[in-house]
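File shown: query.csv. Contents: CSV, C-alpha atoms and all ligand atoms.
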chain,number,residue,atom,x,y,z
A,3,MET,CA,24.2,-106.7,99.7
A,4,LEU,CA,23.0,-110.0,98.3
A,5,SER,CA,25.3,-112.1,96.2
A,6,TYR,CA,22.6,-112.0,93.4
A,7,PRO,CA,21.8,-108.2,93.2
A,8,LEU,CA,18.6,-108.8,91.1
A,9,LEU,CA,17.1,-110.0,94.4
A,10,ASP,CA,17.7,-106.5,95.9
A,11,VAL,CA,15.5,-104.7,93.3
A,12,ARG,CA,12.4,-103.0,94.8
A,13,VAL,CA,9.6,-100.7,93.5
A,14,THR,CA,7.7,-98.6,96.1
A,15,THR,CA,4.4,-96.7,95.7
A,16,PRO,CA,2.3,-95.0,98.4
A,17,ARG,CA,0.2,-98.1,98.7
A,18,LEU,CA,2.5,-101.1,98.2
A,19,GLU,CA,5.9,-102.4,97.6
A,20,LEU,CA,7.2,-104.8,94.9
A,21,ARG,CA,10.0,-106.8,96.5
A,22,ALA,CA,12.2,-109.1,94.4
A,23,ALA,CA,11.0,-112.6,95.1
A,24,THR,CA,13.6,-114.0,97.4
A,25,ASP,CA,13.1,-117.6,98.7
A,26,GLN,CA,12.2,-116.1,102.1
A,27,LEU,CA,9.4,-114.0,100.7
A,28,LEU,CA,8.2,-116.9,98.4
A,29,ASP,CA,8.0,-119.0,101.5
A,30,GLN,CA,5.6,-116.5,103.1
A,31,LEU,CA,3.6,-116.1,99.9
A,32,ALA,CA,3.4,-119.9,99.6
A,33,GLU,CA,0.7,-119.9,102.4
A,34,LEU,CA,-1.7,-118.1,100.0
A,35,VAL,CA,-0.8,-120.5,97.2
A,36,ARG,CA,-1.4,-123.5,99.5
A,37,ALA,CA,-4.7,-122.1,100.7
A,38,GLY,CA,-5.9,-121.6,97.1
A,39,ARG,CA,-6.2,-117.8,97.4
A,40,THR,CA,-4.9,-117.6,93.8
A,41,GLU,CA,-8.1,-118.9,92.4
A,42,ALA,CA,-10.7,-116.9,90.4
A,43,ASP,CA,-13.8,-117.7,88.5
A,44,PRO,CA,-13.8,-117.9,85.5
A,45,PRO,CA,-10.3,-119.4,85.5
A,46,PRO,CA,-7.9,-116.6,84.6
A,47,TYR,CA,-4.6,-118.5,84.0
A,48,ASP,CA,-3.5,-120.1,80.7
A,49,ASP,CA,-2.0,-123.6,80.8
A,50,PRO,CA,0.3,-124.9,82.0
A,51,MET,CA,-0.3,-123.3,85.4
A,52,SER,CA,0.6,-124.7,88.8
A,53,PHE,CA,-2.4,-123.0,90.5
A,54,TYR,CA,-4.8,-125.5,88.8
A,55,GLU,CA,-3.1,-128.4,90.7
A,56,THR,CA,-5.6,-129.6,93.3
A,57,ASP,CA,-3.1,-131.1,95.8
A,58,PRO,CA,-1.9,-128.1,97.9
A,59,ASP,CA,1.7,-129.3,98.5
A,60,LEU,CA,2.2,-130.3,94.9
A,61,ARG,CA,0.7,-126.9,93.9
A,62,VAL,CA,3.3,-125.0,96.0
A,63,ALA,CA,6.1,-127.3,94.7
A,64,LYS,CA,5.1,-126.7,91.0
A,65,TRP,CA,4.7,-123.0,91.6
A,66,LEU,CA,8.2,-122.7,93.2
A,67,ARG,CA,9.8,-124.8,90.5
A,68,ALA,CA,8.4,-122.6,87.8
A,69,ILE,CA,9.6,-119.4,89.5
A,70,TRP,CA,13.1,-120.9,90.0
A,71,ARG,CA,13.3,-121.9,86.3
A,72,ARG,CA,12.4,-118.4,85.3
A,73,ARG,CA,14.8,-116.9,87.7
A,74,GLY,CA,17.6,-118.9,86.1
A,75,THR,CA,16.6,-118.0,82.5
A,76,VAL,CA,18.4,-114.8,81.5
A,77,GLU,CA,18.7,-114.5,77.7
A,78,PRO,CA,18.6,-111.4,75.4
A,79,ASP,CA,15.2,-112.7,74.1
A,80,LEU,CA,13.8,-113.9,77.4
A,81,TRP,CA,14.2,-112.9,81.1
A,82,ARG,CA,11.8,-112.5,83.9
A,83,LEU,CA,11.9,-110.5,87.1
A,84,ASN,CA,9.6,-111.9,89.8
A,85,PHE,CA,8.3,-109.7,92.6
A,86,VAL,CA,6.2,-110.3,95.7
A,87,VAL,CA,3.5,-107.6,96.3
A,88,VAL,CA,3.8,-106.4,99.9
A,89,VAL,CA,1.1,-104.3,101.6
A,90,ASP,CA,1.7,-103.1,105.2
A,91,GLY,CA,4.4,-105.8,105.6
A,92,ARG,CA,2.1,-108.6,104.3
A,93,PRO,CA,2.8,-110.5,101.1
A,94,VAL,CA,-0.4,-110.4,99.1
A,95,GLY,CA,0.4,-111.4,95.6
A,96,GLU,CA,2.9,-111.7,92.8
A,97,GLN,CA,3.9,-109.4,90.0
A,98,SER,CA,6.3,-110.3,87.2
A,99,LEU,CA,8.0,-108.4,84.4
A,100,ILE,CA,9.0,-110.4,81.4
A,101,GLY,CA,11.4,-109.1,78.8
A,102,VAL,CA,10.5,-110.7,75.4
A,103,HIS,CA,13.0,-109.9,72.8
A,104,PHE,CA,13.9,-106.9,75.0
A,105,ALA,CA,17.5,-106.5,73.7
A,106,ALA,CA,16.3,-106.2,70.1
A,107,LEU,CA,12.8,-104.7,70.5
A,108,GLY,CA,12.5,-103.2,74.0
A,109,THR,CA,9.2,-105.2,74.5
A,110,VAL,CA,7.9,-106.5,77.8
A,111,THR,CA,4.9,-108.2,79.1
A,112,THR,CA,3.5,-108.6,82.7
A,113,PHE,CA,1.8,-111.2,84.8
A,114,SER,CA,0.2,-110.9,88.2
A,115,TRP,CA,-2.2,-112.3,90.8
A,116,LEU,CA,-3.5,-111.0,94.1
A,117,SER,CA,-4.9,-112.9,97.0
A,118,ALA,CA,-8.7,-113.3,96.6
A,119,ASP,CA,-9.2,-111.2,99.8
A,120,GLU,CA,-7.3,-108.3,98.4
A,121,ARG,CA,-8.9,-107.8,95.0
A,122,GLY,CA,-11.2,-105.0,94.0
A,123,ARG,CA,-9.5,-102.3,96.1
A,124,GLY,CA,-7.3,-100.7,93.5
A,125,LEU,CA,-4.2,-102.8,94.3
A,126,GLY,CA,-4.1,-104.6,91.0
A,127,ARG,CA,-4.0,-101.3,89.1
A,128,GLU,CA,-1.3,-99.9,91.5
A,129,MET,CA,1.0,-102.9,91.1
A,130,ARG,CA,0.7,-102.8,87.3
A,131,GLU,CA,1.6,-99.1,87.4
A,132,ALA,CA,4.6,-99.9,89.6
A,133,ILE,CA,5.9,-102.6,87.3
A,134,LEU,CA,5.3,-100.3,84.2
A,135,HIS,CA,7.4,-97.7,86.0
A,136,LEU,CA,10.2,-100.1,86.3
A,137,ALA,CA,9.9,-101.2,82.7
A,138,PHE,CA,9.6,-97.8,81.1
A,139,ASP,CA,11.4,-95.5,83.5
A,140,GLY,CA,14.0,-97.9,84.9
A,141,LEU,CA,14.8,-100.1,81.9
A,142,GLY,CA,13.8,-97.9,79.0
A,143,ALA,CA,11.2,-100.3,77.5
A,144,LYS,CA,9.5,-99.3,74.3
A,145,GLU,CA,6.3,-101.2,74.6
A,146,ALA,CA,4.4,-103.3,77.2
A,147,GLY,CA,1.9,-106.0,76.3
A,148,SER,CA,-0.7,-107.8,78.3
A,149,ASP,CA,-3.0,-110.7,77.5
A,150,ALA,CA,-6.1,-111.7,79.4
A,151,PHE,CA,-9.0,-114.1,78.7
A,152,VAL,CA,-11.9,-112.1,77.4
A,153,ASP,CA,-13.9,-112.8,80.6
A,154,ASN,CA,-11.2,-111.7,83.0
A,155,GLN,CA,-12.9,-108.4,83.9
A,156,GLY,CA,-10.2,-107.3,86.5
A,157,SER,CA,-7.2,-107.7,84.2
A,158,ASN,CA,-8.9,-106.3,81.1
A,159,ALA,CA,-10.1,-103.3,83.2
A,160,VAL,CA,-6.6,-102.6,84.5
A,161,SER,CA,-5.2,-102.6,81.0
A,162,ARG,CA,-8.0,-100.4,79.6
A,163,ARG,CA,-7.7,-98.0,82.5
A,164,LEU,CA,-4.0,-97.6,82.2
A,165,GLY,CA,-4.2,-96.6,78.5
A,166,TYR,CA,-3.3,-99.9,76.8
A,167,GLN,CA,-4.8,-100.2,73.3
A,168,PRO,CA,-6.5,-103.3,72.0
A,169,ASN,CA,-4.0,-105.4,70.0
A,170,GLY,CA,-6.2,-108.1,68.6
A,171,TYR,CA,-7.1,-111.6,69.9
A,172,ASP,CA,-5.3,-114.8,70.6
A,173,TRP,CA,-6.3,-118.3,71.8
A,174,GLY,CA,-5.1,-120.2,74.8
A,175,THR,CA,-6.3,-123.1,76.9
A,176,ARG,CA,-7.2,-123.0,80.6
A,177,ARG,CA,-7.7,-126.3,82.4
A,178,GLY,CA,-7.4,-127.8,78.9
A,179,GLU,CA,-10.3,-125.9,77.4
A,180,PRO,CA,-9.8,-123.4,74.5
A,181,ALA,CA,-10.7,-119.8,75.3
A,182,GLN,CA,-10.1,-116.4,73.6
A,183,LEU,CA,-7.7,-113.9,74.9
A,184,ASN,CA,-7.6,-110.1,74.5
A,185,ARG,CA,-4.2,-108.8,73.6
A,186,TRP,CA,-3.3,-105.3,74.8
A,187,ARG,CA,-0.4,-103.0,74.2
A,188,LEU,CA,0.9,-99.8,75.8
A,189,THR,CA,3.5,-97.8,73.9
A,190,ARG,CA,6.1,-95.7,75.7
A,191,ALA,CA,4.5,-92.6,74.1
A,192,ALA,CA,1.1,-93.5,75.6
A,193,TRP,CA,2.6,-94.3,79.0
A,194,GLN,CA,4.7,-91.0,79.2
A,195,PRO,CA,1.8,-88.6,80.0
A,196,ARG,CA,0.6,-91.1,82.7
A,197,ARG,CA,4.0,-91.4,84.3
A,198,ARG,CA,3.6,-91.2,88.1
A,199,GLU,CA,5.9,-89.1,90.2
A,200,ASP,CA,5.3,-91.0,93.4
A,201,ILE,CA,6.7,-94.3,92.4
A,202,GLU,CA,10.3,-95.0,93.4
A,203,LEU,CA,12.8,-97.6,92.0
A,204,HIS,CA,15.5,-99.1,94.3
A,205,ASN,CA,18.7,-100.9,93.2
A,206,VAL,CA,17.6,-100.8,89.5
A,207,GLU,CA,21.3,-100.6,88.5
A,208,ALA,CA,21.4,-104.3,89.2
A,209,CYS,CA,19.1,-104.8,86.2
A,210,HIS,CA,21.5,-102.9,84.0
A,211,ALA,CA,24.4,-104.9,85.3
A,212,LEU,CA,22.9,-108.3,85.1
A,213,LEU,CA,20.1,-108.3,82.4
A,214,PRO,CA,21.0,-108.4,78.7
A,215,LEU,CA,19.0,-105.2,78.0
A,216,THR,CA,21.0,-104.1,74.8
B,1,LIG,C1,-6.4,-109.1,87.9
B,1,LIG,C2,-6.2,-108.6,89.3
B,1,LIG,C3,-4.7,-108.6,89.6
B,1,LIG,C4,-6.7,-107.1,89.4
B,1,LIG,O1,-6.5,-106.6,90.6
B,1,LIG,P1,-7.7,-105.9,91.5
B,1,LIG,O2,-7.1,-105.4,92.7
B,1,LIG,O3,-8.8,-106.9,91.6
B,1,LIG,O4,-8.1,-104.7,90.5
B,1,LIG,P2,-8.4,-103.2,90.9
B,1,LIG,O5,-9.2,-103.2,92.2
B,1,LIG,O6,-7.1,-102.5,90.8
B,1,LIG,O7,-9.4,-102.8,89.8
B,1,LIG,C5,-8.9,-102.3,88.6
B,1,LIG,C6,-10.1,-102.1,87.6
B,1,LIG,O8,-10.7,-103.4,87.4
B,1,LIG,C7,-12.1,-103.4,87.7
B,1,LIG,N1,-12.4,-104.7,88.3
B,1,LIG,C8,-11.6,-105.4,89.1
B,1,LIG,N2,-12.2,-106.6,89.4
B,1,LIG,C9,-13.3,-106.6,88.6
B,1,LIG,C10,-14.3,-107.6,88.5
B,1,LIG,N3,-14.3,-108.8,89.0
B,1,LIG,N4,-15.4,-107.3,87.6
B,1,LIG,C11,-15.4,-106.1,87.0
B,1,LIG,N5,-14.5,-105.1,87.1
B,1,LIG,C12,-13.4,-105.4,87.9
B,1,LIG,C13,-12.2,-102.3,88.8
B,1,LIG,O9,-13.5,-101.8,88.8
B,1,LIG,C14,-11.3,-101.3,88.2
B,1,LIG,O10,-11.8,-100.6,87.1
B,1,LIG,P3,-11.7,-99.0,87.0
B,1,LIG,O11,-10.2,-98.7,87.1
B,1,LIG,O12,-12.2,-98.7,85.7
B,1,LIG,O13,-12.4,-98.5,88.2
B,1,LIG,C15,-6.9,-109.4,90.4
B,1,LIG,O14,-8.3,-109.3,90.2
B,1,LIG,C16,-6.5,-110.9,90.4
B,1,LIG,O15,-5.6,-111.3,91.0
B,1,LIG,N6,-7.3,-111.8,89.6
B,1,LIG,C17,-7.0,-113.2,89.6
B,1,LIG,C18,-5.7,-113.5,88.9
B,1,LIG,C19,-5.7,-112.8,87.5
B,1,LIG,O16,-6.7,-112.7,86.8
B,1,LIG,N7,-4.4,-112.5,87.0
B,1,LIG,C20,-4.2,-112.0,85.7
B,1,LIG,C21,-4.0,-113.2,84.8
B,1,LIG,S1,-3.9,-112.6,83.1

Now that the file is in, can you turn its structure into structure tokens?
Ligand SMILES: CC(C)(COP(=O)(O)OP(=O)(O)OC[C@H]1O[C@@H](n2cnc3c(N)ncnc32)[C@H](O)[C@@H]1OP(=O)(O)O)[C@@H](O)C(=O)NCCC(=O)NCCS
Amino acid sequence: MLSYPLLDVRVTTPRLELRAATDQLLDQLAELVRAGRTEADPPPYDDPMSFYETDPDLRVAKWLRAIWRRRGTVEPDLWRLNFVVVVDGRPVGEQSLIGVHFAALGTVTTFSWLSADERGRGLGREMREAILHLAFDGLGAKEAGSDAFVDNQGSNAVSRRLGYQPNGYDWGTRRGEPAQLNRWRLTRAAWQPRRREDIELHNVEACHALLPLT
């Protein structure tokens, strides 16, 4: 067992695995970050975002620092679990679950990216379903939110397809330019009938022991 059990949490589906982002896995995933496989057009990430850094080594360094900061922030109103998406033993992307006022409200949001070579084959939807299973089934979340720039067709399509309802608009900047975001939300009641029976949670008790969930 690892000395920090949150790094032992896993979610498995028939197509992929979400493995807690250990430094060893991040080291493997860093090759994709260094190679710029995180990019998309139009730009999908809101500022500040390490992936917009043009120098590859600095990009990896900024990305890792952001992950380490988030790993060390565990408060009743903010915590984040970072996972590496693994397909057939290959790290192909990142999926995070963020508890925002979870102890008081049971609300989460999610963030993800897939290597450009792996998009458009249903993996994005599968990894969102996996992380929602952890949130609702494993942690007892009440509501999941998701934001995406209005021209991010992939992310908006995943939210729509999984039963999220439109929850208004917001504004953010990307590469310093203002752009509109769609806000989405999925309630526990709307997720329940879509709950999948073929997704498995491993070592989820670490979350109950180490996250301030109540
Ligand atoms: C967002 C992302 C994770 C989605 O993963 P994906 O594997 O490409 O998506 P999927 O193949 O599971 O597709 C899910 C749905 O999106 C649609 N879709 C995906 N990419 C699309 C595109 N470029 N244009 C139109 N529709 C698209 C699919 O048709 C599918 O719709 P359906 O369920 O109604 O058939 C991935 O595209 C990605 O990494 N994008 C860059 C990073 C990013 O945008 N992250 C989110 C920041 S908020």

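The spacing separating atom CA of Glu202 of chain A from atom CA of Phe85 of chain A amounts to 14.9 Å.
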
Considering only C-alpha atoms and all ligand atoms, give me a table of residues in chain A that are at most 10 Å from ligand LIG 1 (chain B), with the closest atom pair and distance in Å for each, as a Markdown table.
| residue | atom | partner | partner_atom | distance |
| --- | --- | --- | --- | --- |
| A:Arg39 | CA | B:LIG1 | C17 | 9.1 |
| A:Thr40 | CA | B:LIG1 | C17 | 6.4 |
| A:Glu41 | CA | B:LIG1 | C17 | 6.4 |
| A:Ala42 | CA | B:LIG1 | C17 | 5.3 |
| A:Asp43 | CA | B:LIG1 | C17 | 8.2 |
| A:Pro44 | CA | B:LIG1 | O16 | 8.9 |
| A:Pro45 | CA | B:LIG1 | O16 | 7.7 |
| A:Pro46 | CA | B:LIG1 | O16 | 4.6 |
| A:Tyr47 | CA | B:LIG1 | C21 | 5.4 |
| A:Asp48 | CA | B:LIG1 | S1 | 7.9 |
| A:Val94 | CA | B:LIG1 | O15 | 9.7 |
| A:Gly95 | CA | B:LIG1 | O15 | 7.6 |
| A:Glu96 | CA | B:LIG1 | O15 | 8.7 |
| A:Gln97 | CA | B:LIG1 | C3 | 8.6 |
| A:Thr112 | CA | B:LIG1 | S1 | 8.4 |
| A:Phe113 | CA | B:LIG1 | S1 | 6.1 |
| A:Ser114 | CA | B:LIG1 | N7 | 5.0 |
| A:Trp115 | CA | B:LIG1 | O15 | 3.5 |
| A:Leu116 | CA | B:LIG1 | O15 | 3.8 |
| A:Ser117 | CA | B:LIG1 | O15 | 6.2 |
| A:Ala118 | CA | B:LIG1 | O15 | 6.7 |
| A:Asp119 | CA | B:LIG1 | O3 | 9.3 |
| A:Glu120 | CA | B:LIG1 | O2 | 6.4 |
| A:Arg121 | CA | B:LIG1 | O3 | 3.5 |
| A:Gly122 | CA | B:LIG1 | O5 | 3.2 |
| A:Arg123 | CA | B:LIG1 | O5 | 4.0 |
| A:Gly124 | CA | B:LIG1 | O6 | 3.3 |
| A:Leu125 | CA | B:LIG1 | O2 | 4.2 |
| A:Gly126 | CA | B:LIG1 | O1 | 3.1 |
| A:Arg127 | CA | B:LIG1 | O6 | 3.7 |
| A:Glu128 | CA | B:LIG1 | O6 | 6.4 |
| A:Met129 | CA | B:LIG1 | O6 | 8.1 |
| A:Arg130 | CA | B:LIG1 | C3 | 8.3 |
| A:Glu131 | CA | B:LIG1 | O6 | 9.9 |
| A:Ser148 | CA | B:LIG1 | S1 | 7.5 |
| A:Asp149 | CA | B:LIG1 | S1 | 6.0 |
| A:Ala150 | CA | B:LIG1 | S1 | 4.4 |
| A:Phe151 | CA | B:LIG1 | S1 | 6.9 |
| A:Val152 | CA | B:LIG1 | S1 | 9.8 |
| A:Asp153 | CA | B:LIG1 | N4 | 9.0 |
| A:Asn154 | CA | B:LIG1 | O16 | 6.0 |
| A:Gln155 | CA | B:LIG1 | N4 | 4.6 |
| A:Gly156 | CA | B:LIG1 | C8 | 3.5 |
| A:Ser157 | CA | B:LIG1 | C1 | 4.0 |
| A:Asn158 | CA | B:LIG1 | O8 | 7.2 |
| A:Ala159 | CA | B:LIG1 | O8 | 4.2 |
| A:Val160 | CA | B:LIG1 | C6 | 4.7 |
| A:Ser161 | CA | B:LIG1 | C6 | 8.2 |
| A:Arg162 | CA | B:LIG1 | O12 | 7.6 |
| A:Arg163 | CA | B:LIG1 | O11 | 5.3 |
| A:Leu164 | CA | B:LIG1 | O11 | 8.0 |
| A:Leu183 | CA | B:LIG1 | S1 | 9.1 |
| A:Asn184 | CA | B:LIG1 | S1 | 9.7 |

key: Nearest residue to Val13 of chain A from the set A:Thr75, A:Thr175, A:Asn84, A:Thr56 (distances using all atoms listed in the file)   =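 With all atoms listed in the file as the atom set, the closest residue is A:Asn84.
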
ask   = Looking at only C-alpha atoms, which of A:Gly142, A:Gly147, A:Pro78, A:Gly174 is the one that sits closest to His103 of chain A?
value =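 Of all the options, A:Pro78 lies closest to His103 of chain A.
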
query = Neighbours of Asp25 of chain A within 12 Å (all atoms listed in the file; same-chain residues fewer than 3 positions away dropped), as a list in words?
reply = Leu9, Arg21, Ala22, Leu28, Asp29, Gln30, Leu31, Ala32, Leu66, Arg67, Ile69, Trp70, Arg73, Asn84, Phe85 and Val86 of chain A

task = Compile the contact shell of segment 185-192 of chain A as a ChimeraX atom specification: residues with an atom at most 6 Å away, counting only C-alpha atoms, same-chain residues fewer than 3 positions apart removed.
result = /A:144-149,166-171

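Of the listed residues A:Leu141, A:Met51, A:Ala23, A:Val102, the one whose atoms come nearest to Pro7 of chain A is A:Ala23, with distances taken using all atoms listed in the file.
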
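For the atom pair formed by atom CA of Arg197 of chain A and atom CA of Arg17 of chain A, the distance is 16.3 Å, given to one decimal.
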
request  = Could you please determine the separation between atom CA of Asp139 of chain A and atom CA of Val89 of chain A in Å, to one decimal place?
outcome  = 22.6 Å

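Distance annotation: of A:Arg36, A:Arg12, A:Arg177, A:His210, the residue with the minimal separation from Asp49 of chain A is A:Arg177; atom set is only C-alpha atoms.
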
inquiry  = Here is a test: counting all atoms listed in the file, which residue of A:Ile100, A:Asp57, A:Glu179, A:Glu77 is nearest to Ile133 of chain A?
reply    = A:Ile100

ask   = Which residue gives the smallest distance to Pro50 of chain A among A:Ala143, A:Asp90, A:Arg176, A:Ser98, with all atoms listed in the file counted?
value = A:Arg176

Size and centre in Å, one decimal, axis-aligned box, all listed segment 164-169 of chain A atoms plus 5 Å per side, as JSON:
{"center_x": -4.9, "center_y": -101.0, "center_z": 76.1, "size_x": 13.2, "size_y": 18.8, "size_z": 22.2}

Any chance you could model all heavy atoms for segment 40-49 of chain A and send them as a CSV table (one decimal), in the coordinates of the input?
chain,number,residue,atom,x,y,z
A,40,THR,N,-5.2,-118.0,95.2
A,40,THR,CA,-4.9,-117.6,93.8
A,40,THR,C,-6.0,-117.8,92.8
A,40,THR,O,-6.0,-117.3,91.7
A,40,THR,CB,-3.7,-118.4,93.3
A,40,THR,OG1,-4.0,-119.8,93.5
A,40,THR,CG2,-2.4,-118.1,94.0
A,41,GLU,N,-7.0,-118.5,93.3
A,41,GLU,CA,-8.1,-118.9,92.4
A,41,GLU,C,-9.0,-117.8,92.0
A,41,GLU,O,-9.2,-116.8,92.8
A,41,GLU,CB,-8.9,-120.1,93.0
A,41,GLU,CG,-8.2,-121.4,92.8
A,41,GLU,CD,-9.0,-122.5,93.4
A,41,GLU,OE1,-10.3,-122.4,93.5
A,41,GLU,OE2,-8.4,-123.6,93.6
A,42,ALA,N,-9.7,-117.9,90.9
A,42,ALA,CA,-10.7,-116.9,90.4
A,42,ALA,C,-11.6,-117.6,89.5
A,42,ALA,O,-11.3,-118.7,88.9
A,42,ALA,CB,-10.0,-115.7,89.7
A,43,ASP,N,-12.8,-117.1,89.4
A,43,ASP,CA,-13.8,-117.7,88.5
A,43,ASP,C,-14.4,-116.6,87.6
A,43,ASP,O,-14.9,-115.6,88.2
A,43,ASP,CB,-14.9,-118.3,89.4
A,43,ASP,CG,-16.0,-119.1,88.6
A,43,ASP,OD1,-15.6,-119.5,87.5
A,43,ASP,OD2,-17.1,-119.1,89.0
A,44,PRO,N,-14.4,-116.8,86.3
A,44,PRO,CA,-13.8,-117.9,85.5
A,44,PRO,C,-12.3,-118.0,85.7
A,44,PRO,O,-11.6,-117.0,86.0
A,44,PRO,CB,-14.2,-117.5,84.1
A,44,PRO,CG,-14.5,-116.0,84.1
A,44,PRO,CD,-14.9,-115.7,85.4
A,45,PRO,N,-11.7,-119.2,85.3
A,45,PRO,CA,-10.3,-119.4,85.5
A,45,PRO,C,-9.5,-118.4,84.7
A,45,PRO,O,-9.7,-118.2,83.5
A,45,PRO,CB,-10.1,-120.8,85.0
A,45,PRO,CG,-11.4,-121.4,84.9
A,45,PRO,CD,-12.4,-120.3,84.8
A,46,PRO,N,-8.6,-117.6,85.3
A,46,PRO,CA,-7.9,-116.6,84.6
A,46,PRO,C,-6.5,-117.0,84.0
A,46,PRO,O,-5.9,-116.2,83.2
A,46,PRO,CB,-7.7,-115.5,85.7
A,46,PRO,CG,-7.5,-116.3,87.0
A,46,PRO,CD,-8.4,-117.6,86.8
A,47,TYR,N,-6.0,-118.2,84.3
A,47,TYR,CA,-4.6,-118.5,84.0
A,47,TYR,C,-4.6,-119.4,82.8
A,47,TYR,O,-5.4,-120.4,82.7
A,47,TYR,CB,-3.9,-119.2,85.1
A,47,TYR,CG,-4.0,-118.4,86.4
A,47,TYR,CD1,-4.8,-118.9,87.5
A,47,TYR,CD2,-3.4,-117.2,86.6
A,47,TYR,CE1,-5.0,-118.2,88.7
A,47,TYR,CE2,-3.5,-116.5,87.8
A,47,TYR,CZ,-4.3,-117.0,88.8
A,47,TYR,OH,-4.5,-116.4,90.0
A,48,ASP,N,-3.6,-119.2,81.9
A,48,ASP,CA,-3.5,-120.1,80.7
A,48,ASP,C,-2.5,-121.2,81.1
A,48,ASP,O,-1.7,-121.1,81.9
A,48,ASP,CB,-3.1,-119.4,79.4
A,48,ASP,CG,-2.0,-118.5,79.5
A,48,ASP,OD1,-1.6,-118.1,80.7
A,48,ASP,OD2,-1.4,-118.1,78.5
A,49,ASP,N,-2.8,-122.4,80.5
A,49,ASP,CA,-2.0,-123.6,80.8
A,49,ASP,C,-0.6,-123.5,80.2
A,49,ASP,O,-0.4,-122.8,79.2
A,49,ASP,CB,-2.6,-124.8,80.1
A,49,ASP,CG,-4.1,-125.1,80.6
A,49,ASP,OD1,-4.3,-124.8,81.8
A,49,ASP,OD2,-4.9,-125.5,79.8
